[in-house]
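Colleague: Contents of model37.txt (compact mmCIF, C-alpha atoms and all ligand atoms):
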```txt
# COMPACT_ATOMS: atom_id res chain seq x y z
CA MET A 1 -137.12 47.51 39.09
CA LYS A 2 -139.67 47.40 36.25
CA ASN A 3 -140.16 51.17 36.62
CA PHE A 4 -136.40 51.66 36.57
CA TYR A 5 -136.10 50.05 33.11
CA LYS A 6 -139.23 51.85 31.92
CA SER A 7 -137.60 55.19 32.83
CA VAL A 8 -134.32 54.32 31.09
CA MET A 9 -136.18 53.27 27.93
CA SER A 10 -138.20 56.52 27.92
CA ILE A 11 -135.03 58.63 28.17
CA LEU A 12 -133.38 56.67 25.35
CA LEU A 13 -136.44 57.30 23.18
CA VAL A 14 -136.32 61.06 23.88
CA ALA A 15 -132.54 61.47 23.39
CA PRO A 16 -132.36 61.10 19.55
CA ILE A 17 -134.80 64.04 19.12
CA TYR A 18 -132.18 66.31 20.75
CA ALA A 19 -129.28 64.78 18.85
CA SER A 20 -130.94 65.47 15.47
CA ALA A 21 -131.83 69.14 16.17
CA ALA A 22 -130.48 72.12 14.19
CA VAL A 23 -127.80 71.04 11.69
CA ASP A 24 -126.29 74.05 9.87
CA LEU A 25 -125.27 73.29 6.26
CA VAL A 26 -123.32 76.54 5.75
CA THR A 27 -119.56 76.53 6.34
CA ASN A 28 -118.11 79.77 7.73
CA GLY A 29 -121.46 81.58 7.53
CA SER A 30 -120.24 84.36 9.86
CA PHE A 31 -116.95 84.85 7.92
CA GLU A 32 -114.85 84.46 11.07
CA ALA A 33 -112.63 81.62 9.76
CA ASP A 34 -110.29 83.91 7.79
CA LEU A 35 -108.18 86.27 9.89
CA GLN A 36 -108.79 89.96 9.16
CA ASP A 37 -107.07 92.48 11.45
CA ASN A 38 -109.27 94.90 13.40
CA GLY A 39 -109.84 98.10 11.39
CA SER A 40 -108.80 96.52 8.08
CA TRP A 41 -110.32 95.09 4.89
CA ASN A 42 -109.12 93.05 1.92
CA LEU A 43 -110.38 91.49 -1.29
CA TYR A 44 -110.24 87.68 -1.61
CA SER A 45 -111.15 85.36 -4.46
CA THR A 46 -112.12 82.67 -1.90
CA LEU A 47 -112.88 82.44 1.82
CA LEU A 48 -113.24 79.17 3.73
CA GLY A 49 -116.32 77.48 2.21
CA TRP A 50 -117.02 80.33 -0.26
CA SER A 51 -115.92 81.31 -3.74
CA GLY A 52 -116.15 84.85 -5.08
CA ALA A 53 -116.99 85.91 -8.63
CA PRO A 54 -114.65 87.59 -9.02
CA ASP A 55 -113.96 88.53 -5.38
CA ILE A 56 -115.24 89.18 -1.83
CA GLU A 57 -114.54 92.17 0.42
CA LEU A 58 -113.88 90.96 3.98
CA ARG A 59 -114.06 93.71 6.60
CA ASN A 60 -113.35 93.99 10.32
CA ASN A 61 -114.63 97.22 11.86
CA VAL A 62 -114.39 99.28 8.67
CA ALA A 63 -117.52 101.27 7.75
CA GLY A 64 -119.58 99.63 10.51
CA SER A 65 -119.04 96.61 12.75
CA ALA A 66 -120.09 92.98 12.29
CA PHE A 67 -123.49 91.65 13.32
CA ASP A 68 -121.79 88.53 14.72
CA GLY A 69 -118.14 88.18 15.73
CA SER A 70 -115.65 90.57 14.09
CA ASN A 71 -115.94 90.04 10.33
CA PHE A 72 -118.60 90.67 7.71
CA ILE A 73 -118.54 91.00 3.93
CA GLU A 74 -119.44 93.44 1.16
CA LEU A 75 -120.10 92.22 -2.38
CA ASP A 76 -119.68 95.48 -4.29
CA THR A 77 -115.91 95.04 -4.05
CA ASN A 78 -114.45 97.28 -6.77
CA SER A 79 -117.59 96.54 -8.74
CA ASN A 80 -120.63 94.27 -8.26
CA SER A 81 -119.63 90.67 -7.52
CA SER A 82 -121.08 87.42 -6.11
CA ILE A 83 -120.32 84.78 -3.50
CA SER A 84 -121.37 81.11 -3.69
CA GLN A 85 -121.30 77.94 -1.62
CA LEU A 86 -122.56 74.47 -2.55
CA LEU A 87 -124.67 73.12 0.32
CA ILE A 88 -124.73 69.35 0.76
CA GLY A 89 -126.64 67.41 3.42
CA THR A 90 -129.62 65.32 4.40
CA PRO A 91 -132.75 66.32 2.44
CA GLY A 92 -135.56 67.99 4.39
CA LEU A 93 -137.10 71.28 5.41
CA TYR A 94 -134.45 73.90 6.24
CA GLN A 95 -134.46 77.54 7.30
CA LEU A 96 -132.22 79.93 5.39
CA SER A 97 -131.30 82.94 7.51
CA PHE A 98 -128.90 85.85 7.05
CA TRP A 99 -128.33 89.39 8.37
CA PHE A 100 -127.89 92.39 6.09
CA SER A 101 -127.53 96.16 6.29
CA ALA A 102 -126.98 99.13 4.01
CA ARG A 103 -123.42 100.42 4.16
CA PRO A 104 -123.27 103.46 6.49
CA GLY A 105 -123.24 106.83 4.71
CA THR A 106 -124.32 105.56 1.27
CA ALA A 107 -126.98 106.60 -1.26
CA SER A 108 -130.20 104.60 -1.68
CA ASP A 109 -129.39 103.16 -5.13
CA THR A 110 -126.17 101.33 -4.24
CA ASN A 111 -126.83 98.69 -1.54
CA ASP A 112 -129.24 96.16 -3.14
CA LEU A 113 -128.35 92.50 -2.49
CA SER A 114 -129.97 89.43 -4.00
CA PHE A 115 -129.73 85.70 -3.34
CA THR A 116 -130.71 82.54 -5.18
CA LEU A 117 -130.91 79.01 -3.81
CA ASP A 118 -130.73 76.02 -6.13
CA GLY A 119 -131.65 78.09 -9.19
CA SER A 120 -134.65 79.79 -7.55
CA ALA A 121 -135.74 83.23 -8.77
CA PRO A 122 -133.49 85.90 -7.21
CA VAL A 123 -134.82 87.52 -4.02
CA THR A 124 -133.63 91.10 -3.51
CA VAL A 125 -133.20 92.82 -0.14
CA LEU A 126 -132.16 96.43 0.59
CA THR A 127 -134.05 97.65 -2.48
CA GLY A 128 -133.54 101.41 -2.53
CA VAL A 129 -132.19 101.61 1.04
CA GLY A 130 -129.51 104.19 1.85
CA GLY A 131 -127.09 103.94 4.77
CA GLY A 132 -127.43 105.76 8.11
CA SER A 133 -124.61 106.75 10.45
CA ASP A 134 -124.03 103.08 11.41
CA HIS A 135 -125.14 99.60 10.34
CA ASN A 136 -128.84 98.81 10.71
CA TRP A 137 -128.71 94.99 10.70
CA GLN A 138 -131.91 93.22 9.61
CA ASN A 139 -132.71 89.52 9.37
CA TYR A 140 -134.07 87.59 6.40
CA SER A 141 -135.33 84.06 6.97
CA ALA A 142 -137.46 81.62 4.96
CA LEU A 143 -138.11 77.88 4.82
CA PHE A 144 -136.89 75.81 1.87
CA ASN A 145 -137.34 72.21 0.84
CA PHE A 146 -133.76 71.01 0.40
CA ASP A 147 -133.19 67.99 -1.85
CA GLY A 148 -129.66 67.16 -0.64
CA GLU A 149 -127.62 69.58 -2.77
CA ALA A 150 -128.12 73.29 -3.56
CA LEU A 151 -125.98 76.20 -4.70
CA LEU A 152 -126.46 79.28 -2.51
CA THR A 153 -125.41 82.55 -4.19
CA PHE A 154 -125.49 86.16 -3.00
CA SER A 155 -124.88 89.06 -5.41
CA ALA A 156 -124.51 92.83 -5.20
CA VAL A 157 -127.15 94.22 -7.57
CA GLY A 158 -127.27 97.95 -6.74
CA ARG A 159 -125.23 100.62 -8.55
CA SER A 160 -121.81 99.15 -9.24
CA ASP A 161 -119.58 101.71 -7.53
CA SER A 162 -117.46 99.83 -4.92
CA LEU A 163 -119.97 100.65 -2.12
CA GLY A 164 -122.59 98.04 -1.26
CA GLY A 165 -124.69 96.25 1.37
CA SER A 166 -123.13 94.35 4.27
CA LEU A 167 -123.79 90.66 4.92
CA ASP A 168 -123.14 88.46 7.99
CA MET A 169 -124.20 85.25 9.76
CA ILE A 170 -125.64 83.16 6.93
CA SER A 171 -127.11 79.82 8.01
CA MET A 172 -129.21 77.02 6.56
CA THR A 173 -130.47 74.97 9.50
CA SER A 174 -132.67 71.91 9.70
CA THR A 175 -135.97 72.74 11.35
CA ILE A 176 -136.00 72.15 15.10
CA PRO A 177 -138.90 71.20 17.39
CA GLU A 178 -141.34 74.02 18.27
CA PRO A 179 -140.43 75.79 21.58
CA LYS A 180 -143.60 74.35 23.18
CA THR A 181 -142.54 70.82 22.20
CA VAL A 182 -139.03 71.48 23.56
CA GLU A 183 -140.53 72.76 26.83
CA MET A 184 -142.70 69.65 27.15
CA LEU A 185 -139.74 67.40 26.37
CA LEU A 186 -137.61 69.18 28.99
CA VAL A 187 -140.33 68.81 31.66
CA GLY A 188 -140.73 65.14 30.69
CA PHE A 189 -136.96 64.62 30.88
CA LEU A 190 -136.81 66.25 34.34
CA LEU A 191 -139.65 64.10 35.69
CA LEU A 192 -138.05 60.94 34.28
CA SER A 193 -134.68 61.86 35.82
CA LEU A 194 -136.34 62.34 39.23
CA THR A 195 -138.16 59.00 38.91
CA LEU A 196 -134.94 57.32 37.83
CA ARG A 197 -133.04 58.78 40.80
CA ARG A 198 -135.73 57.77 43.27
CA THR A 199 -136.10 54.27 41.78
CA SER A 200 -132.37 53.58 41.67
CA LYS A 201 -131.92 54.91 45.24
CA ALA A 202 -134.67 52.55 46.43
CA TYR A 203 -133.10 49.68 44.45
CA PHE A 204 -129.62 50.27 45.87
CA SER A 205 -130.79 50.63 49.48
CA ARG A 206 -133.07 47.58 49.13
CA ASN A 207 -130.13 45.52 47.88
CA LYS A 208 -127.66 47.24 50.25
CA LEU A 209 -125.31 48.25 47.37
CA CA B 1 -119.31 87.67 11.37
CA CA B 2 -116.27 97.74 -1.82
CA CA B 3 -122.99 99.62 -5.03
```
Please, can you express the file's structure as structure tokens?
Ligand SMILES: [Ca+2]
Ligand SMILES: [Ca+2]
Ligand SMILES: [Ca+2]
Modeller:
Amino acid sequence: MKNFYKSVMSILLVAPIYASAAVDLVTNGSFEADLQDNGSWNLYSTLLGWSGAPDIELRNNVAGSAFDGSNFIELDTNSNSSISQLLIGTPGLYQLSFWFSARPGTASDTNDLSFTLDGSAPVTVLTGVGGGSDHNWQNYSALFNFDGEALLTFSAVGRSDSLGGSLDMISMTSTIPEPKTVEMLLVGFLLLSLTLRRTSKAYFSRNKL
């Protein structure tokens, strides 16, 4: 019976590690919350969680398809514009990640995108990249120390001509345990479950329950 309680206690100690893994601070990071009909696009001043300055071009299967789901955005709407979201959450180390591509069939001076987080120096992606026959989605990711509140802003910074880079699946997630640690935890959990099953079986048969 002592082993039985020992096993239960060990599982309870492991459980909170799983519960606290991977919180995403970004609302509507894949732009799927606002309905956009297949094969259509529109300009919006806001999308769920985001505000445009002045607007955001939401597209569904127009000039390329989404990296994730059906929708993605372009920030050179009629001219270069920006999108922002205020991130609020528990301070800590977070990973910012997003997917971007040059717009298909465009020149190399028109797609540049930049982002800033909490007033950081702007980081530019797609510098001088022209578009191919379809999207060529690439990932950007970096770790940031988050102090509990930060403004995340993306801007079109290439030639302002209504054609610009595509953006999808933006996330800001709390760092999760290393895969090796997860593997070890899973093996530990499995062994504890087996012990628990064996111990409780023995307990029940011993007490004829
Ligand atoms: Ca999407
Ligand atoms: Ca546009
Ligand atoms: Ca442009």
Colleague: Can you measure CA of Tyr140 (chain A) to CA of Gly164 (chain A) for me? One decimal in Å is fine.
Modeller: 17.3 Å
Colleague: Please produce, as JSON lines, a per-residue contact table for chain A versus ligand CA 2 (chain B) (criterion: any atom at most 6 Å away, only C-alpha atoms and all ligand atoms considered), showing the nearest atom pair and its distance in Å to one decimal, sorted by chain then residue number.
Modeller:
```
{"residue": "A:Asp76", "atom": "CA", "partner": "B:CA2", "partner_atom": "CA", "distance": 4.8}
{"residue": "A:Thr77", "atom": "CA", "partner": "B:CA2", "partner_atom": "CA", "distance": 3.5}
{"residue": "A:Asn78", "atom": "CA", "partner": "B:CA2", "partner_atom": "CA", "distance": 5.3}
{"residue": "A:Ser162", "atom": "CA", "partner": "B:CA2", "partner_atom": "CA", "distance": 3.9}
{"residue": "A:Leu163", "atom": "CA", "partner": "B:CA2", "partner_atom": "CA", "distance": 4.7}
```
Colleague: Store the residues picked out above in a file with C-alpha atoms, as an mmCIF file, in the coordinates of the input.
Modeller:
```cif
data_model
loop_
_atom_site.group_PDB
_atom_site.id
_atom_site.type_symbol
_atom_site.label_atom_id
_atom_site.label_comp_id
_atom_site.auth_asym_id
_atom_site.auth_seq_id
_atom_site.Cartn_x
_atom_site.Cartn_y
_atom_site.Cartn_z
ATOM 1 C CA ASP A 76 -119.680 95.480 -4.290
ATOM 2 C CA THR A 77 -115.910 95.040 -4.050
ATOM 3 C CA ASN A 78 -114.450 97.280 -6.770
ATOM 4 C CA SER A 162 -117.460 99.830 -4.920
ATOM 5 C CA LEU A 163 -119.970 100.650 -2.120
#
```
Colleague: With the cut-off set at 8 Å and counting all atoms listed in the file, tabulate each residue of chain A with an atom at most that distance from an atom of ligand CA 1 (chain B), showing the nearest atom pair and its distance in Å to one decimal, ordered by chain and increasing number, as a Markdown table.
Modeller:
```
| residue | atom | partner | partner_atom | distance |
| --- | --- | --- | --- | --- |
| A:Gly29 | CA | B:CA1 | CA | 7.5 |
| A:Ser30 | CA | B:CA1 | CA | 3.8 |
| A:Phe31 | CA | B:CA1 | CA | 5.0 |
| A:Glu32 | CA | B:CA1 | CA | 5.5 |
| A:Ala66 | CA | B:CA1 | CA | 5.4 |
| A:Phe67 | CA | B:CA1 | CA | 6.1 |
| A:Asp68 | CA | B:CA1 | CA | 4.3 |
| A:Gly69 | CA | B:CA1 | CA | 4.5 |
| A:Ser70 | CA | B:CA1 | CA | 5.4 |
| A:Asn71 | CA | B:CA1 | CA | 4.2 |
| A:Phe72 | CA | B:CA1 | CA | 4.8 |
| A:Asp168 | CA | B:CA1 | CA | 5.2 |
| A:Met169 | CA | B:CA1 | CA | 5.7 |
```
Colleague: For ligand CA 3 (chain B), list the contacting residues at 10 Å or closer, counting only C-alpha atoms and all ligand atoms, as a CSV table (one decimal) with C-alpha atoms, in the coordinates of the input.
Modeller:
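Output file selection_3.csv is given in full below:
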```
chain,number,residue,atom,x,y,z
A,74,GLU,CA,-119.4,93.4,1.2
A,75,LEU,CA,-120.1,92.2,-2.4
A,76,ASP,CA,-119.7,95.5,-4.3
A,77,THR,CA,-115.9,95.0,-4.0
A,78,ASN,CA,-114.4,97.3,-6.8
A,79,SER,CA,-117.6,96.5,-8.7
A,80,ASN,CA,-120.6,94.3,-8.3
A,81,SER,CA,-119.6,90.7,-7.5
A,102,ALA,CA,-127.0,99.1,4.0
A,103,ARG,CA,-123.4,100.4,4.2
A,106,THR,CA,-124.3,105.6,1.3
A,107,ALA,CA,-127.0,106.6,-1.3
A,108,SER,CA,-130.2,104.6,-1.7
A,109,ASP,CA,-129.4,103.2,-5.1
A,110,THR,CA,-126.2,101.3,-4.2
A,111,ASN,CA,-126.8,98.7,-1.5
A,112,ASP,CA,-129.2,96.2,-3.1
A,113,LEU,CA,-128.4,92.5,-2.5
A,156,ALA,CA,-124.5,92.8,-5.2
A,157,VAL,CA,-127.2,94.2,-7.6
A,158,GLY,CA,-127.3,98.0,-6.7
A,159,ARG,CA,-125.2,100.6,-8.6
A,160,SER,CA,-121.8,99.2,-9.2
A,161,ASP,CA,-119.6,101.7,-7.5
A,162,SER,CA,-117.5,99.8,-4.9
A,163,LEU,CA,-120.0,100.6,-2.1
A,164,GLY,CA,-122.6,98.0,-1.3
A,165,GLY,CA,-124.7,96.2,1.4
```
Colleague: Please, what distance in Å, to one decimal, runs between CA of Ser114 (chain A) and CA of Thr153 (chain A)?
Modeller: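 Between CA of Ser114 (chain A) and CA of Thr153 (chain A) the gap is 8.3 Å.
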Colleague: Set the distance at 9 Å and use all atoms listed in the file: which residues neighbour Gly119 (chain A) once local chain neighbours fewer than 6 positions away are removed? I'd like the list as a PyMOL selection string.
Modeller: chain A and resi 150-152
Colleague: For CA of Leu167 (chain A) and CA of Ala33 (chain A), determine how far apart the two atoms are, in Å to one decimal place.
Modeller: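 Separation of CA of Leu167 (chain A) and CA of Ala33 (chain A): 15.2 Å.
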Colleague: Between A:Ser120, A:Ile73, A:Asn139, A:Ala63, which one has atoms that come closest to Leu43 (chain A), using only C-alpha atoms?
Modeller: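 Selected residue with least distance to Leu43 (chain A): A:Ile73.
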Colleague: Using all atoms listed in the file, which of A:Thr116, A:Ser97, A:Ser45, A:Ser166 sits nearest Gly130 (chain A)?
Modeller: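 Among A:Thr116, A:Ser97, A:Ser45, A:Ser166, it is A:Ser166 that comes nearest to Gly130 (chain A).
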Colleague: Choose the residue, out of A:Gln138, A:Gly148, A:Thr46, A:Trp41, that has the smallest atom-to-atom separation from Leu58 (chain A); count all atoms listed in the file.
Modeller: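 Closest residue, counting all atoms listed in the file: A:Trp41.
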Colleague: Write out as a list of chain:residue names each polymer residue whose atoms come within 8 Å of Ser51 (chain A), counting all atoms listed in the file; drop sequence neighbours fewer than 3 positions from it.
Modeller: A:Ser45, A:Thr46, A:Leu47, A:Asp55, A:Ile83, A:Ser84, A:Gln85
Colleague: So, with all atoms listed in the file as the atoms that count, which of A:Trp50, A:Phe100, A:Tyr94, A:Tyr44 lies closest to Phe146 (chain A)?
Modeller: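 Checking each candidate against Phe146 (chain A), we get A:Tyr94 as the closest.
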Colleague: Which residues are near Ser171 (chain A)? Cut-off 8 Å, all atoms listed in the file, ignore same chain within fewer than 3 positions. Put them as a ChimeraX atom specification.
Modeller: /A:24-26,29,95-98
Colleague: With all atoms listed in the file as the basis for distance, which of A:Thr124, A:Asp34, A:Asn145, A:Trp137 is at the shortest distance from Ser174 (chain A)?
Modeller: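 For Ser174 (chain A), the nearest of the candidates is A:Asn145.
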Colleague: Just add N, CA and C atoms to region 93-121 of chain A and send it as a PDB file, keeping the file's coordinate frame.
Modeller:
```pdb
ATOM      1  N   LEU A  93    -136.685  69.888   5.328  1.00  0.00           N
ATOM      2  CA  LEU A  93    -137.100  71.280   5.410  1.00  0.00           C
ATOM      3  C   LEU A  93    -136.043  72.055   6.210  1.00  0.00           C
ATOM      4  N   TYR A  94    -135.514  73.112   5.596  1.00  0.00           N
ATOM      5  CA  TYR A  94    -134.450  73.900   6.240  1.00  0.00           C
ATOM      6  C   TYR A  94    -134.839  75.378   6.268  1.00  0.00           C
ATOM      7  N   GLN A  95    -134.251  76.093   7.232  1.00  0.00           N
ATOM      8  CA  GLN A  95    -134.460  77.540   7.300  1.00  0.00           C
ATOM      9  C   GLN A  95    -133.204  78.278   6.887  1.00  0.00           C
ATOM     10  N   LEU A  96    -133.324  79.060   5.798  1.00  0.00           N
ATOM     11  CA  LEU A  96    -132.220  79.930   5.390  1.00  0.00           C
ATOM     12  C   LEU A  96    -132.368  81.233   6.174  1.00  0.00           C
ATOM     13  N   SER A  97    -131.270  81.692   6.754  1.00  0.00           N
ATOM     14  CA  SER A  97    -131.300  82.940   7.510  1.00  0.00           C
ATOM     15  C   SER A  97    -130.009  83.709   7.269  1.00  0.00           C
ATOM     16  N   PHE A  98    -130.109  85.028   7.131  1.00  0.00           N
ATOM     17  CA  PHE A  98    -128.900  85.850   7.050  1.00  0.00           C
ATOM     18  C   PHE A  98    -129.223  87.256   7.544  1.00  0.00           C
ATOM     19  N   TRP A  99    -128.188  88.021   7.870  1.00  0.00           N
ATOM     20  CA  TRP A  99    -128.330  89.390   8.370  1.00  0.00           C
ATOM     21  C   TRP A  99    -127.685  90.342   7.376  1.00  0.00           C
ATOM     22  N   PHE A 100    -128.357  91.455   7.108  1.00  0.00           N
ATOM     23  CA  PHE A 100    -127.890  92.390   6.090  1.00  0.00           C
ATOM     24  C   PHE A 100    -128.138  93.820   6.533  1.00  0.00           C
ATOM     25  N   SER A 101    -127.364  94.726   5.979  1.00  0.00           N
ATOM     26  CA  SER A 101    -127.530  96.160   6.290  1.00  0.00           C
ATOM     27  C   SER A 101    -126.987  96.983   5.125  1.00  0.00           C
ATOM     28  N   ALA A 102    -127.574  98.174   4.942  1.00  0.00           N
ATOM     29  CA  ALA A 102    -126.980  99.130   4.010  1.00  0.00           C
ATOM     30  C   ALA A 102    -125.638  99.584   4.580  1.00  0.00           C
ATOM     31  N   ARG A 103    -124.706  99.897   3.696  1.00  0.00           N
ATOM     32  CA  ARG A 103    -123.420 100.420   4.160  1.00  0.00           C
ATOM     33  C   ARG A 103    -123.628 101.838   4.702  1.00  0.00           C
ATOM     34  N   PRO A 104    -123.084 102.119   5.919  1.00  0.00           N
ATOM     35  CA  PRO A 104    -123.270 103.460   6.490  1.00  0.00           C
ATOM     36  C   PRO A 104    -122.843 104.553   5.508  1.00  0.00           C
ATOM     37  N   GLY A 105    -123.608 105.640   5.487  1.00  0.00           N
ATOM     38  CA  GLY A 105    -123.240 106.830   4.710  1.00  0.00           C
ATOM     39  C   GLY A 105    -123.348 106.677   3.204  1.00  0.00           C
ATOM     40  N   THR A 106    -124.228 105.781   2.723  1.00  0.00           N
ATOM     41  CA  THR A 106    -124.320 105.560   1.270  1.00  0.00           C
ATOM     42  C   THR A 106    -125.684 106.004   0.729  1.00  0.00           C
ATOM     43  N   ALA A 107    -125.739 106.203  -0.588  1.00  0.00           N
ATOM     44  CA  ALA A 107    -126.980 106.600  -1.260  1.00  0.00           C
ATOM     45  C   ALA A 107    -127.917 105.390  -1.388  1.00  0.00           C
ATOM     46  N   SER A 108    -129.180 105.654  -1.698  1.00  0.00           N
ATOM     47  CA  SER A 108    -130.200 104.600  -1.680  1.00  0.00           C
ATOM     48  C   SER A 108    -130.168 103.685  -2.916  1.00  0.00           C
ATOM     49  N   ASP A 109    -129.358 103.995  -3.916  1.00  0.00           N
ATOM     50  CA  ASP A 109    -129.390 103.160  -5.130  1.00  0.00           C
ATOM     51  C   ASP A 109    -128.212 102.181  -5.211  1.00  0.00           C
ATOM     52  N   THR A 110    -127.454 102.044  -4.110  1.00  0.00           N
ATOM     53  CA  THR A 110    -126.170 101.330  -4.240  1.00  0.00           C
ATOM     54  C   THR A 110    -126.064 100.036  -3.421  1.00  0.00           C
ATOM     55  N   ASN A 111    -127.013  99.782  -2.511  1.00  0.00           N
ATOM     56  CA  ASN A 111    -126.830  98.690  -1.540  1.00  0.00           C
ATOM     57  C   ASN A 111    -127.527  97.373  -1.867  1.00  0.00           C
ATOM     58  N   ASP A 112    -128.397  97.347  -2.882  1.00  0.00           N
ATOM     59  CA  ASP A 112    -129.240  96.160  -3.140  1.00  0.00           C
ATOM     60  C   ASP A 112    -128.415  94.866  -3.204  1.00  0.00           C
ATOM     61  N   LEU A 113    -128.959  93.844  -2.504  1.00  0.00           N
ATOM     62  CA  LEU A 113    -128.350  92.500  -2.490  1.00  0.00           C
ATOM     63  C   LEU A 113    -129.398  91.494  -2.917  1.00  0.00           C
ATOM     64  N   SER A 114    -128.999  90.479  -3.676  1.00  0.00           N
ATOM     65  CA  SER A 114    -129.970  89.430  -4.000  1.00  0.00           C
ATOM     66  C   SER A 114    -129.361  88.065  -3.696  1.00  0.00           C
ATOM     67  N   PHE A 115    -130.233  87.070  -3.506  1.00  0.00           N
ATOM     68  CA  PHE A 115    -129.730  85.700  -3.340  1.00  0.00           C
ATOM     69  C   PHE A 115    -130.574  84.749  -4.171  1.00  0.00           C
ATOM     70  N   THR A 116    -129.978  83.643  -4.551  1.00  0.00           N
ATOM     71  CA  THR A 116    -130.710  82.540  -5.180  1.00  0.00           C
ATOM     72  C   THR A 116    -130.279  81.249  -4.491  1.00  0.00           C
ATOM     73  N   LEU A 117    -131.212  80.308  -4.397  1.00  0.00           N
ATOM     74  CA  LEU A 117    -130.910  79.010  -3.810  1.00  0.00           C
ATOM     75  C   LEU A 117    -131.368  77.931  -4.767  1.00  0.00           C
ATOM     76  N   ASP A 118    -130.419  77.137  -5.237  1.00  0.00           N
ATOM     77  CA  ASP A 118    -130.730  76.020  -6.130  1.00  0.00           C
ATOM     78  C   ASP A 118    -131.481  76.480  -7.380  1.00  0.00           C
ATOM     79  N   GLY A 119    -131.054  77.606  -7.938  1.00  0.00           N
ATOM     80  CA  GLY A 119    -131.650  78.090  -9.190  1.00  0.00           C
ATOM     81  C   GLY A 119    -132.994  78.775  -9.025  1.00  0.00           C
ATOM     82  N   SER A 120    -133.372  79.092  -7.775  1.00  0.00           N
ATOM     83  CA  SER A 120    -134.650  79.790  -7.550  1.00  0.00           C
ATOM     84  C   SER A 120    -134.579  81.208  -8.130  1.00  0.00           C
ATOM     85  N   ALA A 121    -135.723  81.842  -8.306  1.00  0.00           N
ATOM     86  CA  ALA A 121    -135.740  83.230  -8.770  1.00  0.00           C
ATOM     87  C   ALA A 121    -135.037  84.100  -7.736  1.00  0.00           C
TER      88      ALA A 121
END
```
